[in-house]
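Structure file upload-v8.cif; described as mmCIF, C-alpha atoms.
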```cif
data_run
loop_
_atom_site.group_PDB
_atom_site.id
_atom_site.type_symbol
_atom_site.label_atom_id
_atom_site.label_comp_id
_atom_site.auth_asym_id
_atom_site.auth_seq_id
_atom_site.Cartn_x
_atom_site.Cartn_y
_atom_site.Cartn_z
ATOM 1 C CA MET A 1381 -63.458 140.739 -76.035
ATOM 2 C CA ASN A 1382 -61.017 141.407 -78.911
ATOM 3 C CA HIS A 1383 -60.324 139.064 -81.858
ATOM 4 C CA HIS A 1384 -57.180 137.503 -80.367
ATOM 5 C CA THR A 1385 -58.915 136.789 -77.051
ATOM 6 C CA LYS A 1386 -61.770 135.012 -78.870
ATOM 7 C CA GLU A 1387 -59.265 132.813 -80.768
ATOM 8 C CA LEU A 1388 -57.527 131.860 -77.511
ATOM 9 C CA VAL A 1389 -60.823 130.878 -75.882
ATOM 10 C CA VAL A 1390 -61.765 128.711 -78.877
ATOM 11 C CA ILE A 1391 -58.363 126.921 -78.851
ATOM 12 C CA VAL A 1392 -58.530 126.218 -75.106
ATOM 13 C CA PHE A 1393 -62.101 124.899 -75.395
ATOM 14 C CA ALA A 1394 -61.208 122.630 -78.315
ATOM 15 C CA ALA A 1395 -58.204 121.186 -76.505
ATOM 16 C CA THR A 1396 -60.324 120.525 -73.421
ATOM 17 C CA LEU A 1397 -62.987 118.788 -75.498
ATOM 18 C CA VAL A 1398 -60.451 116.510 -77.229
ATOM 19 C CA ALA A 1399 -58.935 115.526 -73.899
ATOM 20 C CA ALA A 1400 -62.354 114.754 -72.466
ATOM 21 C CA VAL A 1401 -63.363 112.607 -75.438
ATOM 22 C CA SER A 1402 -60.062 110.741 -75.368
ATOM 23 C CA SER A 1403 -60.405 109.906 -71.691
ATOM 24 C CA CYS A 1404 -63.968 108.707 -72.167
ATOM 25 C CA SER A 1405 -63.208 106.544 -75.186
ATOM 26 C CA ARG A 1406 -60.120 104.870 -73.689
ATOM 27 C CA PRO A 1407 -61.078 101.431 -72.256
ATOM 28 C CA ALA A 1408 -60.561 101.172 -68.542
ATOM 29 C CA ASP A 1409 -57.659 99.004 -67.449
ATOM 30 C CA PRO A 1410 -59.147 95.971 -65.717
ATOM 31 C CA SER A 1411 -58.369 95.756 -62.054
ATOM 32 C CA PRO A 1412 -56.072 92.975 -60.788
ATOM 33 C CA GLN A 1413 -59.125 91.340 -59.276
ATOM 34 C CA MET A 1414 -60.805 91.213 -62.692
ATOM 35 C CA ARG A 1415 -57.707 89.867 -64.415
ATOM 36 C CA SER A 1416 -57.217 87.022 -61.937
ATOM 37 C CA SER A 1417 -60.704 86.406 -60.616
ATOM 38 C CA PRO A 1418 -61.423 82.986 -59.092
ATOM 39 C CA SER A 1419 -63.770 82.143 -61.958
ATOM 40 C CA HIS A 1420 -61.053 82.967 -64.504
ATOM 41 C CA GLN A 1421 -58.513 80.878 -62.626
ATOM 42 C CA SER A 1422 -60.974 77.974 -62.454
ATOM 43 C CA ALA A 1423 -61.603 78.192 -66.190
ATOM 44 C CA VAL A 1424 -57.869 78.078 -66.901
ATOM 45 C CA ALA A 1425 -57.312 75.180 -64.468
ATOM 46 C CA ALA A 1426 -60.128 73.224 -66.112
ATOM 47 C CA THR A 1427 -58.195 73.167 -69.391
ATOM 48 C CA ILE A 1428 -55.006 71.729 -67.813
ATOM 49 C CA ARG A 1429 -54.574 67.968 -68.015
ATOM 50 C CA GLN A 1430 -54.967 66.309 -64.609
ATOM 51 C CA THR A 1431 -55.043 62.592 -65.517
ATOM 52 C CA ASP A 1432 -52.587 59.985 -66.763
ATOM 53 C CA SER A 1433 -52.922 58.038 -70.021
ATOM 54 C CA GLU A 1434 -55.408 55.677 -68.357
ATOM 55 C CA GLY A 1435 -57.604 58.466 -66.994
ATOM 56 C CA ARG A 1436 -56.435 58.189 -63.378
ATOM 57 C CA HIS A 1437 -56.343 61.519 -61.563
ATOM 58 C CA LEU A 1438 -53.153 62.939 -60.129
ATOM 59 C CA PRO A 1439 -53.114 63.095 -56.304
ATOM 60 C CA PHE A 1440 -52.843 66.887 -56.599
ATOM 61 C CA THR A 1441 -53.921 69.608 -59.015
ATOM 62 C CA THR A 1442 -51.133 70.584 -61.384
ATOM 63 C CA LYS A 1443 -50.977 74.179 -62.590
ATOM 64 C CA PHE A 1444 -48.609 73.341 -65.446
ATOM 65 C CA PRO A 1445 -50.223 72.953 -68.907
ATOM 66 C CA ASP A 1446 -47.103 71.138 -70.161
ATOM 67 C CA ARG A 1447 -46.418 68.812 -67.242
ATOM 68 C CA TRP A 1448 -46.600 66.042 -69.860
ATOM 69 C CA ASN A 1449 -44.420 67.155 -72.748
ATOM 70 C CA SER A 1450 -42.033 66.058 -75.505
ATOM 71 C CA SER A 1451 -39.188 65.735 -72.982
ATOM 72 C CA ASN A 1452 -40.947 63.087 -70.878
ATOM 73 C CA ASP A 1453 -43.413 61.361 -73.220
ATOM 74 C CA GLY A 1454 -41.181 58.355 -73.906
ATOM 75 C CA THR A 1455 -43.251 56.140 -71.596
ATOM 76 C CA THR A 1456 -46.874 56.137 -70.471
ATOM 77 C CA TYR A 1457 -45.791 55.310 -66.912
ATOM 78 C CA GLU A 1458 -46.902 57.939 -64.394
ATOM 79 C CA PRO A 1459 -45.367 57.439 -60.927
ATOM 80 C CA CYS A 1460 -47.887 59.703 -59.203
ATOM 81 C CA THR A 1461 -50.825 57.458 -60.130
ATOM 82 C CA ALA A 1462 -49.079 54.088 -60.436
ATOM 83 C CA VAL A 1463 -47.823 54.036 -56.841
ATOM 84 C CA THR A 1464 -50.713 52.925 -54.646
ATOM 85 C CA THR A 1465 -51.436 53.839 -51.043
ATOM 86 C CA ALA A 1466 -50.712 50.236 -50.059
ATOM 87 C CA ILE A 1467 -47.203 50.453 -51.553
ATOM 88 C CA LEU A 1468 -46.556 53.779 -49.840
ATOM 89 C CA GLN A 1469 -47.614 52.361 -46.483
ATOM 90 C CA GLU A 1470 -45.492 49.257 -47.040
ATOM 91 C CA PHE A 1471 -42.454 51.533 -47.324
ATOM 92 C CA ALA A 1472 -43.503 53.725 -44.362
ATOM 93 C CA LEU A 1473 -44.169 56.712 -46.635
ATOM 94 C CA ASP A 1474 -46.824 59.300 -45.820
ATOM 95 C CA PRO A 1475 -49.391 59.335 -48.687
ATOM 96 C CA SER A 1476 -50.512 62.866 -47.778
ATOM 97 C CA SER A 1477 -46.958 64.168 -48.240
ATOM 98 C CA VAL A 1478 -47.046 63.629 -52.018
ATOM 99 C CA LYS A 1479 -45.527 66.453 -54.057
ATOM 100 C CA ASP A 1480 -45.117 66.888 -57.780
ATOM 101 C CA THR A 1481 -41.524 66.622 -58.966
ATOM 102 C CA ALA A 1482 -42.192 69.423 -61.445
ATOM 103 C CA ILE A 1483 -41.522 72.923 -60.141
ATOM 104 C CA ALA A 1484 -41.850 74.632 -63.528
ATOM 105 C CA ASN A 1485 -43.861 74.222 -66.706
ATOM 106 C CA HIS A 1486 -42.419 71.993 -69.446
ATOM 107 C CA GLN A 1487 -39.944 70.421 -67.032
ATOM 108 C CA THR A 1488 -38.263 67.203 -68.166
ATOM 109 C CA ALA A 1489 -38.639 65.358 -64.850
ATOM 110 C CA ARG A 1490 -42.169 63.986 -64.364
ATOM 111 C CA GLY A 1491 -43.074 62.169 -61.166
ATOM 112 C CA CYS A 1492 -43.636 62.486 -57.439
ATOM 113 C CA ASN A 1493 -41.867 62.748 -54.070
ATOM 114 C CA TRP A 1494 -43.040 61.304 -50.744
ATOM 115 C CA THR A 1495 -41.752 61.844 -47.205
ATOM 116 C CA PHE A 1496 -41.110 58.983 -44.796
ATOM 117 C CA ALA A 1497 -43.780 58.959 -42.096
ATOM 118 C CA ASP A 1498 -41.247 58.523 -39.288
ATOM 119 C CA ASN A 1499 -38.552 60.852 -40.638
ATOM 120 C CA ARG A 1500 -39.397 64.214 -42.180
ATOM 121 C CA PHE A 1501 -35.805 64.487 -43.433
ATOM 122 C CA GLY A 1502 -36.203 61.329 -45.510
ATOM 123 C CA ARG A 1503 -37.717 61.203 -48.981
ATOM 124 C CA LEU A 1504 -38.428 58.712 -51.710
ATOM 125 C CA SER A 1505 -38.843 59.975 -55.266
ATOM 126 C CA GLN A 1506 -39.846 58.319 -58.494
ATOM 127 C CA PHE A 1507 -39.660 60.340 -61.700
ATOM 128 C CA LEU A 1508 -38.726 60.008 -65.343
ATOM 129 C CA GLY A 1509 -37.540 61.842 -68.410
ATOM 130 C CA ASN A 1510 -36.653 60.885 -71.956
ATOM 131 C CA GLY A 1511 -33.087 59.639 -72.230
ATOM 132 C CA PRO A 1512 -30.564 57.402 -73.983
ATOM 133 C CA THR A 1513 -29.746 53.756 -73.282
ATOM 134 C CA LEU A 1514 -28.704 52.848 -69.749
ATOM 135 C CA ASN A 1515 -25.055 52.468 -70.760
ATOM 136 C CA GLU A 1516 -25.043 55.881 -72.444
ATOM 137 C CA TYR A 1517 -26.798 57.364 -69.443
ATOM 138 C CA LYS A 1518 -24.225 55.919 -67.078
ATOM 139 C CA VAL A 1519 -21.365 57.331 -69.135
ATOM 140 C CA SER A 1520 -22.940 60.796 -69.242
ATOM 141 C CA LYS A 1521 -23.555 60.835 -65.465
ATOM 142 C CA ALA A 1522 -20.247 59.268 -64.418
ATOM 143 C CA PRO A 1523 -18.811 62.599 -63.166
ATOM 144 C CA ILE A 1524 -21.598 62.996 -60.590
ATOM 145 C CA ILE A 1525 -22.823 59.459 -59.843
ATOM 146 C CA ARG A 1526 -20.845 56.593 -58.305
ATOM 147 C CA TRP A 1527 -22.145 53.599 -60.208
ATOM 148 C CA LEU A 1528 -22.595 50.235 -58.505
ATOM 149 C CA PRO A 1529 -22.951 46.944 -60.394
ATOM 150 C CA ASN A 1530 -26.123 46.543 -62.454
ATOM 151 C CA ILE A 1531 -28.824 44.238 -61.093
ATOM 152 C CA GLN A 1532 -31.693 42.286 -62.664
ATOM 153 C CA ILE A 1533 -35.340 42.611 -61.652
ATOM 154 C CA ALA A 1534 -38.076 40.800 -63.597
ATOM 155 C CA SER A 1535 -35.543 40.054 -66.358
ATOM 156 C CA ARG A 1536 -34.831 43.759 -66.792
ATOM 157 C CA THR A 1537 -31.506 45.498 -66.258
ATOM 158 C CA ILE A 1538 -31.415 48.088 -63.476
ATOM 159 C CA ALA A 1539 -28.548 50.521 -62.949
ATOM 160 C CA VAL A 1540 -27.814 51.566 -59.358
ATOM 161 C CA GLY A 1541 -25.889 54.671 -58.375
ATOM 162 C CA ALA A 1542 -25.141 56.945 -55.432
ATOM 163 C CA ARG A 1543 -24.761 60.709 -55.800
ATOM 164 C CA ASP A 1544 -23.736 61.300 -52.185
ATOM 165 C CA GLU A 1545 -23.674 59.334 -48.966
ATOM 166 C CA ASP A 1546 -27.294 60.316 -48.330
ATOM 167 C CA ASN A 1547 -28.832 59.392 -51.697
ATOM 168 C CA CYS A 1548 -29.065 56.197 -53.771
ATOM 169 C CA SER A 1549 -31.097 55.651 -56.938
ATOM 170 C CA THR A 1550 -32.069 53.016 -59.463
ATOM 171 C CA TYR A 1551 -32.350 53.698 -63.194
ATOM 172 C CA LEU A 1552 -34.587 51.674 -65.485
ATOM 173 C CA LYS A 1553 -35.263 52.072 -69.187
ATOM 174 C CA SER A 1554 -38.957 52.286 -70.154
ATOM 175 C CA GLY A 1555 -39.669 53.008 -73.795
ATOM 176 C CA SER A 1556 -37.450 55.957 -74.654
ATOM 177 C CA ALA A 1557 -37.460 57.257 -71.080
ATOM 178 C CA VAL A 1558 -35.370 56.540 -67.986
ATOM 179 C CA ILE A 1559 -37.286 55.988 -64.733
ATOM 180 C CA VAL A 1560 -35.413 57.008 -61.589
ATOM 181 C CA THR A 1561 -36.296 55.761 -58.105
ATOM 182 C CA SER A 1562 -34.370 57.604 -55.420
ATOM 183 C CA ALA A 1563 -34.151 57.157 -51.640
ATOM 184 C CA SER A 1564 -32.528 59.888 -49.560
ATOM 185 C CA ILE A 1565 -32.226 60.963 -45.934
ATOM 186 C CA ALA A 1566 -30.702 64.391 -45.445
ATOM 187 C CA ILE A 1567 -29.966 64.277 -41.694
ATOM 188 C CA ASN A 1568 -28.076 61.375 -40.107
ATOM 189 C CA PRO A 1569 -28.461 59.068 -43.097
ATOM 190 C CA PRO A 1570 -28.073 55.306 -42.686
ATOM 191 C CA PRO A 1571 -25.333 53.421 -44.566
ATOM 192 C CA ILE A 1572 -25.608 53.920 -48.324
ATOM 193 C CA ASP A 1573 -26.272 50.199 -48.783
ATOM 194 C CA GLN A 1574 -29.497 50.605 -46.806
ATOM 195 C CA LEU A 1575 -30.667 53.508 -48.954
ATOM 196 C CA CYS A 1576 -29.846 51.523 -52.090
ATOM 197 C CA ALA A 1577 -31.806 48.569 -50.728
ATOM 198 C CA THR A 1578 -34.843 50.825 -50.238
ATOM 199 C CA ALA A 1579 -34.603 52.233 -53.770
ATOM 200 C CA ILE A 1580 -34.212 48.728 -55.222
ATOM 201 C CA ALA A 1581 -37.146 47.324 -53.246
ATOM 202 C CA PHE A 1582 -39.409 50.203 -54.289
ATOM 203 C CA THR A 1583 -38.413 49.659 -57.903
ATOM 204 C CA GLU A 1584 -39.252 45.990 -57.590
ATOM 205 C CA ALA A 1585 -42.656 46.856 -56.077
ATOM 206 C CA THR A 1586 -43.594 49.044 -59.043
ATOM 207 C CA ILE A 1587 -41.710 47.570 -62.007
ATOM 208 C CA ASP A 1588 -44.649 45.473 -63.202
ATOM 209 C CA LYS A 1589 -46.460 48.725 -64.056
ATOM 210 C CA MET A 1590 -43.557 50.125 -66.083
ATOM 211 C CA PRO A 1591 -43.752 49.374 -69.831
ATOM 212 C CA PRO A 1592 -40.585 47.749 -71.228
#
```
So that I can check it, write out the structure of this file as structure tokens.
Amino acid sequence: MNHHTKELVVIVFAATLVAAVSSCSRPADPSPQMRSSPSHQSAVAATIRQTDSEGRHLPFTTKFPDRWNSSNDGTTYEPCTAVTTAILQEFALDPSSVKDTAIANHQTARGCNWTFADNRFGRLSQFLGNGPTLNEYKVSKAPIIRWLPNIQIASRTIAVGARDEDNCSTYLKSGSAVIVTSASIAINPPPIDQLCATAIAFTEATIDKMPP
């Protein structure tokens, strides 16, 4: 073996050794199973708030760390825990149909939706978000809501408005938030007055739990 051949062998060997050491020292990329193992998911879920300000558990497990946030902290009222099974049954709502209003983390709207037990196309929702005074709110939403005359419940002013012929809602100020109670039926809706009556009655059934 001549001098040049020996140099070539040494260079090839050294390069091979460096590659081998590099591959051994590089930490293995964790598998998807390791990154999202059930135990890891449980640990993360355990750190997410699941109760209202009074310690009552939500009727579902939220996956959003910021379900309660600076956009909806104007009132301590939590529709998902304040509305009892007895109230839901009184309004022919299916308690097991409860769904969180939030579909993303840090969403402004905080509350719940329920389906009518005898009509899967019908829904009642109660949710809230921080907002201005009722008058300011009505002005800002005038392009999309047909406002009806204000009403009084428990000496508190309630705004009533219809977005379409299949949806009517009440709007009540609580702290620095606006609580919305909405009744809607997507297929063959009844007269709008009937939907408004449902939204108003549900508001009346829960208003005593809403801070001024």
Could you expand the PyMOL selection byres ((chain A and resi 1500-1511) around 6) into the explicit residues it covers here, written as a PyMOL selection string? chain A and resi 1451-1452+1454+1488-1496+1499+1512+1556-1566
Just checking: using all atoms listed in the file, which residue out of A:Val1519, A:Ser1549, A:Ser1535, A:Thr1431 ends up closest to Thr1456 (chain A)?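 Result for the nearest residue to Thr1456 (chain A): A:Thr1431.
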Selection in question (the file shown): the PyMOL selection byres ((chain A and resi 1461) around 9). Which residues does it include, as a PyMOL selection string? chain A and resi 1431-1432+1436-1439+1457-1460+1462-1464
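From CA of Thr1481 (chain A) back to CA of Gln1574 (chain A), the distance works out to 23.4 Å.
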Between A:Ala1426, A:Ala1497, A:Asn1449, A:Trp1527, single out the one closest to Ser1476 (chain A), counting all atoms listed in the file.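 The shortest atom-to-atom distance to Ser1476 (chain A) comes from A:Ala1497.
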For a test of reading the model, state the distance in Å between CA of Pro1591 (chain A) and CA of Ala1534 (chain A), rounded to one decimal.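 Pair CA of Pro1591 (chain A) / CA of Ala1534 (chain A) returns 12.0 Å.
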Report, in Å to a single decimal, how far apart CA of Glu1470 (chain A) and CA of Gly1435 (chain A) are. 25.1 Å
